[in-house]
Each structure stands twice: as structure tokens, then as C-alpha cells.
$ cat work_11.pdb   # PDB, C-alpha atoms, pLDDT in the B column
ATOM      1  CA  CYS J   1      25.331  37.880 -96.548  1.00 84.00           C
ATOM      2  CA  GLU J   2      23.935  36.223 -99.665  1.00 85.00           C
ATOM      3  CA  ILE J   3      21.658  33.752 -97.853  1.00 85.00           C
ATOM      4  CA  PHE J   4      20.190  36.371 -95.492  1.00 85.00           C
ATOM      5  CA  ARG J   5      20.319  39.264 -98.030  1.00 88.00           C
ATOM      6  CA  LEU J   6      22.458  41.369 -95.695  1.00 85.00           C
ATOM      7  CA  ASP J   7      23.369  44.752 -97.083  1.00 86.00           C
ATOM      8  CA  GLN J   8      26.833  44.671 -95.479  1.00 83.00           C
ATOM      9  CA  GLU J   9      30.274  44.366 -96.919  1.00 87.00           C
ATOM     10  CA  PRO J  10      31.573  40.873 -95.957  1.00 87.00           C
ATOM     11  CA  ARG J  11      35.114  42.182 -95.334  1.00 88.00           C
ATOM     12  CA  LYS J  12      33.804  44.849 -92.966  1.00 89.00           C
ATOM     13  CA  LEU J  13      31.674  42.295 -91.118  1.00 87.00           C
ATOM     14  CA  GLN J  14      34.646  39.955 -90.917  1.00 88.00           C
ATOM     15  CA  LYS J  15      36.809  42.709 -89.417  1.00 90.00           C
ATOM     16  CA  GLU J  16      34.140  43.526 -86.810  1.00 92.00           C
ATOM     17  CA  ILE J  17      33.938  39.864 -85.761  1.00 91.00           C
ATOM     18  CA  ILE J  18      37.729  39.678 -85.386  1.00 91.00           C
ATOM     19  CA  ASP J  19      37.856  43.023 -83.528  1.00 93.00           C
ATOM     20  CA  ALA J  20      35.231  41.660 -81.135  1.00 92.00           C
ATOM     21  CA  ARG J  21      37.580  38.697 -80.548  1.00 91.00           C
ATOM     22  CA  ILE J  22      34.971  36.133 -81.511  1.00 92.00           C
ATOM     23  CA  LEU J  23      37.297  34.898 -84.256  1.00 92.00           C
ATOM     24  CA  GLN J  24      41.041  35.184 -84.645  1.00 91.00           C
ATOM     25  CA  GLN J  25      43.308  34.717 -87.625  1.00 88.00           C
ATOM     26  CA  VAL J  26      46.214  32.313 -87.192  1.00 87.00           C
ATOM     27  CA  HIS J  27      48.610  31.533 -90.070  1.00 90.00           C
ATOM     28  CA  GLY J  28      46.062  32.646 -92.638  1.00 86.00           C
ATOM     29  CA  LYS J  29      43.238  30.581 -91.143  1.00 90.00           C
ATOM     30  CA  TYR J  30      40.379  31.499 -88.857  1.00 90.00           C
ATOM     31  CA  ARG J  31      39.432  29.939 -85.543  1.00 91.00           C
ATOM     32  CA  PHE J  32      37.193  30.790 -82.600  1.00 92.00           C
ATOM     33  CA  SER J  33      39.069  32.686 -79.912  1.00 90.00           C
ATOM     34  CA  TYR J  34      37.489  30.478 -77.229  1.00 90.00           C
ATOM     35  CA  SER J  35      36.134  26.963 -77.614  1.00 90.00           C
ATOM     36  CA  TYR J  36      32.887  27.982 -75.870  1.00 91.00           C
ATOM     37  CA  PHE J  37      32.127  30.380 -78.737  1.00 92.00           C
ATOM     38  CA  TYR J  38      32.331  27.359 -81.032  1.00 93.00           C
ATOM     39  CA  TYR J  39      30.011  25.267 -78.846  1.00 94.00           C
ATOM     40  CA  TYR J  40      27.534  28.133 -78.548  1.00 94.00           C
ATOM     41  CA  PHE J  41      27.303  28.909 -82.272  1.00 94.00           C
ATOM     42  CA  ILE J  42      26.985  25.231 -83.191  1.00 94.00           C
ATOM     43  CA  ALA J  43      24.104  24.945 -80.687  1.00 95.00           C
ATOM     44  CA  ARG J  44      22.482  28.089 -82.120  1.00 95.00           C
ATOM     45  CA  TYR J  45      22.773  26.700 -85.636  1.00 94.00           C
ATOM     46  CA  MET J  46      21.120  23.486 -84.483  1.00 94.00           C
ATOM     47  CA  ARG J  47      18.326  25.443 -82.809  1.00 94.00           C
ATOM     48  CA  ASP J  48      17.675  27.544 -85.921  1.00 94.00           C
ATOM     49  CA  ASN J  49      17.722  24.512 -88.241  1.00 93.00           C
ATOM     50  CA  ILE J  50      16.089  21.935 -85.990  1.00 90.00           C
ATOM     51  CA  ASN J  51      13.812  20.632 -88.769  1.00 89.00           C
ATOM     52  CA  GLU J  52      16.726  19.658 -91.004  1.00 91.00           C
ATOM     53  CA  ASN J  53      17.412  15.895 -91.059  1.00 92.00           C
ATOM     54  CA  PHE J  54      21.154  16.550 -90.887  1.00 92.00           C
ATOM     55  CA  VAL J  55      20.739  18.563 -87.675  1.00 92.00           C
ATOM     56  CA  GLN J  56      18.547  15.881 -86.126  1.00 90.00           C
ATOM     57  CA  SER J  57      21.188  13.239 -86.851  1.00 92.00           C
ATOM     58  CA  GLN J  58      23.901  15.481 -85.365  1.00 92.00           C
ATOM     59  CA  ILE J  59      21.900  15.950 -82.163  1.00 91.00           C
ATOM     60  CA  ASN J  60      21.452  12.177 -81.851  1.00 90.00           C
ATOM     61  CA  GLU J  61      25.166  11.671 -82.492  1.00 90.00           C
ATOM     62  CA  ALA J  62      26.052  14.249 -79.824  1.00 91.00           C
ATOM     63  CA  ALA J  63      23.904  12.375 -77.291  1.00 90.00           C
ATOM     64  CA  GLN J  64      25.590   9.082 -78.181  1.00 89.00           C
ATOM     65  CA  GLU J  65      29.089  10.617 -78.145  1.00 90.00           C
ATOM     66  CA  ILE J  66      28.506  12.563 -74.932  1.00 91.00           C
ATOM     67  CA  HIS J  67      31.861  11.384 -73.535  1.00 89.00           C
ATOM     68  CA  ARG J  68      33.541  13.832 -75.938  1.00 89.00           C
ATOM     69  CA  GLU J  69      34.154  17.295 -74.517  1.00 89.00           C
ATOM     70  CA  ASP J  70      32.798  19.147 -77.548  1.00 91.00           C
ATOM     71  CA  MET J  71      29.633  17.034 -77.829  1.00 92.00           C
ATOM     72  CA  ALA J  72      28.795  17.413 -74.130  1.00 92.00           C
ATOM     73  CA  ASN J  73      29.215  21.190 -74.216  1.00 92.00           C
ATOM     74  CA  ILE J  74      27.225  21.577 -77.435  1.00 93.00           C
ATOM     75  CA  LEU J  75      24.381  19.628 -75.780  1.00 93.00           C
ATOM     76  CA  ILE J  76      24.545  21.876 -72.710  1.00 92.00           C
ATOM     77  CA  PHE J  77      24.200  25.007 -74.869  1.00 93.00           C
ATOM     78  CA  TYR J  78      21.562  23.408 -77.100  1.00 93.00           C
ATOM     79  CA  THR J  79      19.297  22.397 -74.219  1.00 91.00           C
ATOM     80  CA  TYR J  80      19.782  25.847 -72.682  1.00 91.00           C
ATOM     81  CA  LEU J  81      18.690  27.552 -75.911  1.00 92.00           C
ATOM     82  CA  THR J  82      15.800  25.231 -76.717  1.00 90.00           C
ATOM     83  CA  LYS J  83      14.690  23.293 -73.628  1.00 86.00           C
ATOM     84  CA  ASP J  84      14.136  20.480 -76.142  1.00 87.00           C
ATOM     85  CA  LYS J  85      12.362  17.758 -74.123  1.00 87.00           C
ATOM     86  CA  LYS J  86      13.199  15.096 -76.739  1.00 88.00           C
ATOM     87  CA  VAL J  87      16.910  15.712 -76.259  1.00 89.00           C
ATOM     88  CA  ILE J  88      16.541  15.807 -72.468  1.00 90.00           C
ATOM     89  CA  GLN J  89      14.738  12.449 -72.606  1.00 91.00           C
ATOM     90  CA  LEU J  90      17.395  11.068 -74.969  1.00 91.00           C
ATOM     91  CA  VAL J  91      20.233  11.992 -72.576  1.00 92.00           C
ATOM     92  CA  LEU J  92      18.195  10.691 -69.648  1.00 92.00           C
ATOM     93  CA  SER J  93      17.492   7.407 -71.451  1.00 92.00           C
ATOM     94  CA  ASN J  94      21.188   6.949 -72.275  1.00 90.00           C
ATOM     95  CA  SER J  95      22.109   7.651 -68.651  1.00 91.00           C
ATOM     96  CA  LYS J  96      19.953   4.722 -67.520  1.00 91.00           C
ATOM     97  CA  GLU J  97      22.097   2.346 -69.581  1.00 90.00           C
ATOM     98  CA  LEU J  98      25.320   3.397 -67.856  1.00 89.00           C
ATOM     99  CA  PHE J  99      26.357   0.916 -65.139  1.00 89.00           C
ATOM    100  CA  LYS J 100      22.806  -0.418 -65.041  1.00 88.00           C
ATOM    101  CA  ASP J 101      24.081  -3.763 -63.670  1.00 89.00           C
ATOM    102  CA  VAL J 102      25.914  -2.072 -60.782  1.00 87.00           C
ATOM    103  CA  ASP J 103      24.128  -1.412 -57.493  1.00 85.00           C
ATOM    104  CA  PRO J 104      24.454   2.151 -56.163  1.00 83.00           C
ATOM    105  CA  CYS J 105      26.844   2.384 -53.216  1.00 83.00           C
ATOM    106  CA  ASN J 106      24.919   2.255 -49.933  1.00 85.00           C
ATOM    107  CA  LEU J 107      27.889   3.548 -47.873  1.00 83.00           C
ATOM    108  CA  THR J 108      27.392   0.796 -45.287  1.00 83.00           C
ATOM    109  CA  ASP J 109      27.839  -2.789 -46.533  1.00 86.00           C
ATOM    110  CA  HIS J 110      29.699  -1.685 -49.662  1.00 86.00           C
ATOM    111  CA  VAL J 111      32.464   0.014 -47.676  1.00 85.00           C
ATOM    112  CA  ALA J 112      32.686  -2.503 -44.839  1.00 85.00           C
ATOM    113  CA  PHE J 113      35.934  -3.907 -46.270  1.00 86.00           C
ATOM    114  CA  LEU J 114      37.615  -0.548 -45.625  1.00 84.00           C
ATOM    115  CA  ASN J 115      36.783  -0.742 -41.938  1.00 80.00           C
ATOM    116  CA  ARG J 116      38.317  -4.228 -41.737  1.00 83.00           C
ATOM    117  CA  LEU J 117      41.645  -3.161 -43.220  1.00 83.00           C
ATOM    118  CA  GLN J 118      42.937  -1.648 -40.004  1.00 76.00           C
ATOM    119  CA  LYS J 119      41.157  -1.718 -36.648  1.00 75.00           C
ATOM    120  CA  GLU J 120      43.825   0.022 -34.610  1.00 77.00           C
ATOM    121  CA  ILE J 121      46.841   2.227 -35.123  1.00 74.00           C
ATOM    122  CA  PRO J 122      49.977   0.025 -35.290  1.00 75.00           C
ATOM    123  CA  SER J 123      52.926   0.584 -32.972  1.00 80.00           C
ATOM    124  CA  VAL J 124      55.958   1.970 -34.786  1.00 78.00           C
ATOM    125  CA  PHE J 125      59.404   0.827 -33.721  1.00 76.00           C
ATOM    126  CA  LEU J 126      62.877   0.551 -35.192  1.00 77.00           C
ATOM    127  CA  ALA J 127      64.203  -2.986 -35.040  1.00 78.00           C
ATOM    128  CA  GLU J 128      67.825  -3.707 -34.193  1.00 82.00           C
ATOM    129  CA  VAL J 129      69.450  -5.403 -37.177  1.00 80.00           C
ATOM    130  CA  ASN J 130      72.868  -6.104 -38.614  1.00 85.00           C
ATOM    131  CA  PRO J 131      73.203  -3.538 -41.465  1.00 84.00           C
ATOM    132  CA  PRO J 132      75.337  -5.684 -43.869  1.00 84.00           C
ATOM    133  CA  LEU J 133      73.088  -8.746 -43.414  1.00 84.00           C
ATOM    134  CA  GLU J 134      69.952  -6.621 -43.748  1.00 83.00           C
ATOM    135  CA  ARG J 135      71.299  -5.059 -46.954  1.00 81.00           C
ATOM    136  CA  GLU J 136      72.047  -8.497 -48.436  1.00 81.00           C
ATOM    137  CA  SER J 137      68.611  -9.759 -47.437  1.00 84.00           C
ATOM    138  CA  LEU J 138      66.984  -6.710 -49.031  1.00 81.00           C
ATOM    139  CA  LEU J 139      68.845  -7.256 -52.311  1.00 77.00           C
ATOM    140  CA  LYS J 140      67.803 -10.922 -52.365  1.00 81.00           C
ATOM    141  CA  ARG J 141      64.171  -9.948 -51.819  1.00 83.00           C
ATOM    142  CA  ARG J 142      64.388  -7.437 -54.655  1.00 78.00           C
ATOM    143  CA  ASP J 143      65.871 -10.053 -56.997  1.00 75.00           C
ATOM    144  CA  HIS J 144      63.121 -12.492 -56.077  1.00 78.00           C
ATOM    145  CA  GLU J 145      60.411  -9.857 -56.565  1.00 79.00           C
ATOM    146  CA  GLU J 146      61.800  -8.849 -59.981  1.00 73.00           C
ATOM    147  CA  GLN J 147      61.871 -12.475 -61.142  1.00 74.00           C
ATOM    148  CA  SER J 148      58.312 -12.997 -59.889  1.00 76.00           C
ATOM    149  CA  GLU J 149      57.135  -9.847 -61.663  1.00 72.00           C
ATOM    150  CA  MET J 150      58.727 -10.981 -64.941  1.00 70.00           C
ATOM    151  CA  LEU J 151      57.065 -14.399 -64.716  1.00 70.00           C
ATOM    152  CA  GLU J 152      53.727 -12.805 -63.877  1.00 72.00           C
ATOM    153  CA  ALA J 153      54.038 -10.339 -66.747  1.00 67.00           C
ATOM    154  CA  ASN J 154      54.787 -13.141 -69.210  1.00 64.00           C
ATOM    155  CA  SER J 155      51.792 -15.166 -68.040  1.00 65.00           C
ATOM    156  CA  LYS J 156      49.481 -12.164 -68.392  1.00 63.00           C
ATOM    157  CA  ARG J 157      50.694 -11.130 -71.829  1.00 60.00           C
ATOM    158  CA  GLU J 158      48.422 -13.622 -73.585  1.00 58.00           C
ATOM    159  CA  ASN J 159      45.286 -12.063 -72.087  1.00 60.00           C
ATOM    160  CA  LEU J 160      46.496  -8.480 -72.421  1.00 58.00           C
ATOM    161  CA  GLU J 161      44.425  -7.550 -75.480  1.00 60.00           C
ATOM    162  CA  ALA J 162      41.150  -8.794 -73.987  1.00 59.00           C
ATOM    163  CA  GLU J 163      41.914  -7.059 -70.687  1.00 67.00           C
ATOM    164  CA  ASP J 164      42.790  -3.832 -72.502  1.00 76.00           C
ATOM    165  CA  GLU J 165      39.439  -3.867 -74.266  1.00 78.00           C
ATOM    166  CA  GLU J 166      37.623  -4.333 -70.950  1.00 80.00           C
ATOM    167  CA  VAL J 167      39.608  -1.527 -69.329  1.00 82.00           C
ATOM    168  CA  MET J 168      39.005   0.819 -72.257  1.00 84.00           C
ATOM    169  CA  GLU J 169      35.275   0.068 -72.205  1.00 83.00           C
ATOM    170  CA  LEU J 170      35.176   0.752 -68.462  1.00 85.00           C
ATOM    171  CA  LEU J 171      37.048   4.053 -68.872  1.00 87.00           C
ATOM    172  CA  LEU J 172      34.735   5.041 -71.721  1.00 86.00           C
ATOM    173  CA  SER J 173      31.666   4.283 -69.608  1.00 88.00           C
ATOM    174  CA  MET J 174      33.098   6.297 -66.710  1.00 90.00           C
ATOM    175  CA  ASN J 175      33.754   9.236 -69.021  1.00 90.00           C
ATOM    176  CA  ARG J 176      30.229   8.994 -70.428  1.00 90.00           C
ATOM    177  CA  ALA J 177      28.862   8.962 -66.888  1.00 91.00           C
ATOM    178  CA  ILE J 178      30.825  12.075 -65.871  1.00 92.00           C
ATOM    179  CA  LYS J 179      29.763  14.021 -68.977  1.00 91.00           C
ATOM    180  CA  THR J 180      26.161  12.882 -68.544  1.00 92.00           C
ATOM    181  CA  LEU J 181      26.276  14.172 -64.954  1.00 92.00           C
ATOM    182  CA  GLN J 182      27.454  17.532 -66.255  1.00 91.00           C
ATOM    183  CA  VAL J 183      24.753  17.780 -68.930  1.00 92.00           C
ATOM    184  CA  LEU J 184      21.862  16.610 -66.734  1.00 93.00           C
ATOM    185  CA  GLY J 185      23.093  18.766 -63.852  1.00 92.00           C
ATOM    186  CA  GLN J 186      23.184  21.812 -66.117  1.00 90.00           C
ATOM    187  CA  ILE J 187      19.651  21.036 -67.343  1.00 91.00           C
ATOM    188  CA  LEU J 188      18.411  20.940 -63.735  1.00 91.00           C
ATOM    189  CA  ARG J 189      20.198  24.188 -62.961  1.00 90.00           C
ATOM    190  CA  ASN J 190      18.956  26.022 -66.060  1.00 88.00           C
ATOM    191  CA  PHE J 191      15.333  24.926 -65.831  1.00 88.00           C
ATOM    192  CA  SER J 192      14.691  24.355 -62.146  1.00 85.00           C
ATOM    193  CA  GLY J 193      11.569  26.523 -62.351  1.00 88.00           C
ATOM    194  CA  SER J 194      10.250  25.324 -65.697  1.00 86.00           C
ATOM    195  CA  ILE J 195      10.664  21.519 -65.669  1.00 86.00           C
ATOM    196  CA  LYS J 196       7.849  19.600 -64.011  1.00 89.00           C
ATOM    197  CA  LYS J 197       8.679  17.953 -60.721  1.00 91.00           C
ATOM    198  CA  ASP J 198       8.372  14.331 -61.927  1.00 92.00           C
ATOM    199  CA  LEU J 199      10.990  14.881 -64.634  1.00 90.00           C
ATOM    200  CA  LYS J 200      13.252  16.777 -62.216  1.00 91.00           C
ATOM    201  CA  ILE J 201      13.096  13.893 -59.722  1.00 93.00           C
ATOM    202  CA  GLU J 202      13.851  11.373 -62.472  1.00 92.00           C
ATOM    203  CA  ILE J 203      16.823  13.388 -63.731  1.00 92.00           C
ATOM    204  CA  THR J 204      18.155  13.827 -60.179  1.00 91.00           C
ATOM    205  CA  LYS J 205      17.912  10.112 -59.415  1.00 89.00           C
ATOM    206  CA  GLU J 206      19.726   9.144 -62.590  1.00 88.00           C
TER     207      GLU J 206
END

$ encode --input "work_11.pdb" --output "C-alpha cells"
Amino acid sequence: CEIFRLDQEPRKLQKEIIDARILQQVHGKYRFSYSYFYYYFIARYMRDNINENFVQSQINEAAQEIHREDMANILIFYTYLTKDKKVIQLVLSNSKELFKDVDPCNLTDHVAFLNRLQKEIPSVFLAEVNPPLERESLLKRRDHEEQSEMLEANSKRENLEAEDEEVMELLLSMNRAIKTLQVLGQILRNFSGSIKKDLKIEITKE
């Protein structure tokens, strides 16, 4: 009210916002009733203060941290409100770095191993066995498998930290890729009639 010289009573305005269920009061604190209100108002603030250095750095951070749910959704709202080509290009540029050393699946050679796994349906039959002997044999196999698993686990423990880092990096990249798909897909959907064809083709390919 002070910044925009609004001639309204803050308490009355606050009550109207809560009555409209944009905000809610929980244990003496305020929160947005729905997370998408939060994403939307952050994006609007960014749009209205785009020339501020702080806002510019936050937009860049959101593009880099796109694997986070809040950052991805803020970007979706921001591009919807602004059609900011710099941000679209930034997300597009980051998408080109994801799995850039991996060939796209061609659905022929890349899945040939699946076709070799089983060429025909196996015949199912119930073998005649001696139940006590079969039970003893099964228990021996289980003991052997447990011992083998323990030995294998011990041998792998030394490399566990390095492997964990690789796995975490892979999962992070996958999450970035999924969120980037959502953001770029939403950009295509929102601006299908106002983005030039070359950029639309580039976005679609990525």
C-alpha cells in the first residue's frame, strides 16, 4: 500500500485476499492456498521487475535449477506472461547439453537385444521330483546364493561412493530432462501461433 500509494486499509485488503482463498492463515503464519498461486505471483513479480539485476539472476538460476518443481513451474508461468525469447533460448540451450553424448533411440538397432531375449513361447510343464530332496536342494541353493551375495556386496563396497555419485548425476540429468520437456512443451503449446517456425522446429527436436 505504501509503495503503490494505495488508498486501502491493509487489514481490509488482507481479509479480502484470505476470503478469496489466495492466502490462508495457518498457526499464525500465511501461505498460498495452492502452490500454483505461488508460482504465478513469483512469475508476475519477475515480469514486472525484469530490469532488476536480482530478478535477472533469479531467472538464470531457475533455468539452471529446472529439475526443481518450483523452478520449472515458475519458468512455465514466466514464459507464458512474457514470451521472453532470451529465457526460451536459455532453456533450449541447456536442453542441448542434456545427454548430448547419447544417440537418440532409433527403435530398430537399439532395441534388437529385446527381440533376441525370447524367440518363442516356452513350453510349461511340471517336473516329477522327490519333494524332500527338492526342498533340501532348494535350501542349499539359497545358502549358496546368500553367501555369493554377501561376497559380492563386500567387494562392491569400496566403489560404492563413486558409483553413488554417478547414479545421482544420472538421476539428476533425467529429472532435468523431464522438467525441460515440460517447460519447452508448454512454450510450444502457449505460443504455437506466435513463435516463428524455425524456432518451433528447433524446440520440438530438442

$ closest_atom_pairs --input "work_11.pdb" --of "stretch 97-190 of chain J" --to "stretch 64-70 of chain J" --cutoff "8 Å" --atoms "only C-alpha atoms" --output "CSV"
residue,atom,partner,partner_atom,distance
J:Leu172,CA,J:His67,CA,7.2
J:Asn175,CA,J:His67,CA,5.3
J:Arg176,CA,J:His67,CA,4.2
J:Ala177,CA,J:His67,CA,7.7
J:Ile178,CA,J:His67,CA,7.8
J:Lys179,CA,J:His67,CA,5.7
J:Thr180,CA,J:Ile66,CA,6.8

$ resolve_selection --input "work_11.pdb" --expression "the PyMOL selection byres ((chain J and resi 84-98) around 8)" --output "list in words"
Ile59, Ala63, Gln64, Thr79, Thr82, Lys83, Phe99, Lys100, Ser173, Arg176, Ala177, Thr180, Leu184, Ile187, Ile203 and Glu206 of chain J

$ resolve_selection --input "work_11.pdb" --expression "the PyMOL selection byres ((chain J and resi 75) around 8)" --output "MDAnalysis selection string"
chainID J and resid 43 59 62:63 71:74 76:79 183

$ atom_distance --input "work_11.pdb" --atom1 "atom CA of J:Tyr30" --atom2 "atom CA of J:Gln8"
20.0 Å

$ atom_distance --input "work_11.pdb" --atom1 "atom CA of J:Lys200" --atom2 "atom CA of J:Arg47"
22.9 Å

$ atom_distance --input "work_11.pdb" --atom1 "atom CA of J:Ser148" --atom2 "atom CA of J:Arg135"
20.0 Å

$ residues_around --input "work_11.pdb" --residues "stretch 17-20 of chain J" --least-positions-apart "3" --cutoff "12 Å" --atoms "only C-alpha atoms" --output "NGL selection string"
:J and (10-14 or 23-26 or 30-33 or 37)

$ decode --input "work_11.pdb" --residues "stretch 111-125 of chain J" --atoms "C-alpha atoms" --output "PDB file, in the first residue's frame"
ATOM      1  CA  VAL J 111      16.087 -52.482 -29.326  1.00  0.00           C
ATOM      2  CA  ALA J 112      17.348 -55.533 -31.205  1.00  0.00           C
ATOM      3  CA  PHE J 113      18.551 -57.110 -27.943  1.00  0.00           C
ATOM      4  CA  LEU J 114      14.934 -57.289 -26.753  1.00  0.00           C
ATOM      5  CA  ASN J 115      13.956 -59.369 -29.760  1.00  0.00           C
ATOM      6  CA  ARG J 116      16.802 -61.806 -29.046  1.00  0.00           C
ATOM      7  CA  LEU J 117      15.741 -62.439 -25.456  1.00  0.00           C
ATOM      8  CA  GLN J 118      12.977 -64.850 -26.378  1.00  0.00           C
ATOM      9  CA  LYS J 119      12.177 -66.068 -29.886  1.00  0.00           C
ATOM     10  CA  GLU J 120       9.371 -68.437 -28.984  1.00  0.00           C
ATOM     11  CA  ILE J 121       6.980 -69.098 -26.144  1.00  0.00           C
ATOM     12  CA  PRO J 122       8.485 -71.779 -23.850  1.00  0.00           C
ATOM     13  CA  SER J 123       6.612 -74.971 -23.024  1.00  0.00           C
ATOM     14  CA  VAL J 124       5.430 -75.070 -19.418  1.00  0.00           C
ATOM     15  CA  PHE J 125       5.471 -78.373 -17.573  1.00  0.00           C
TER      16      PHE J 125
END
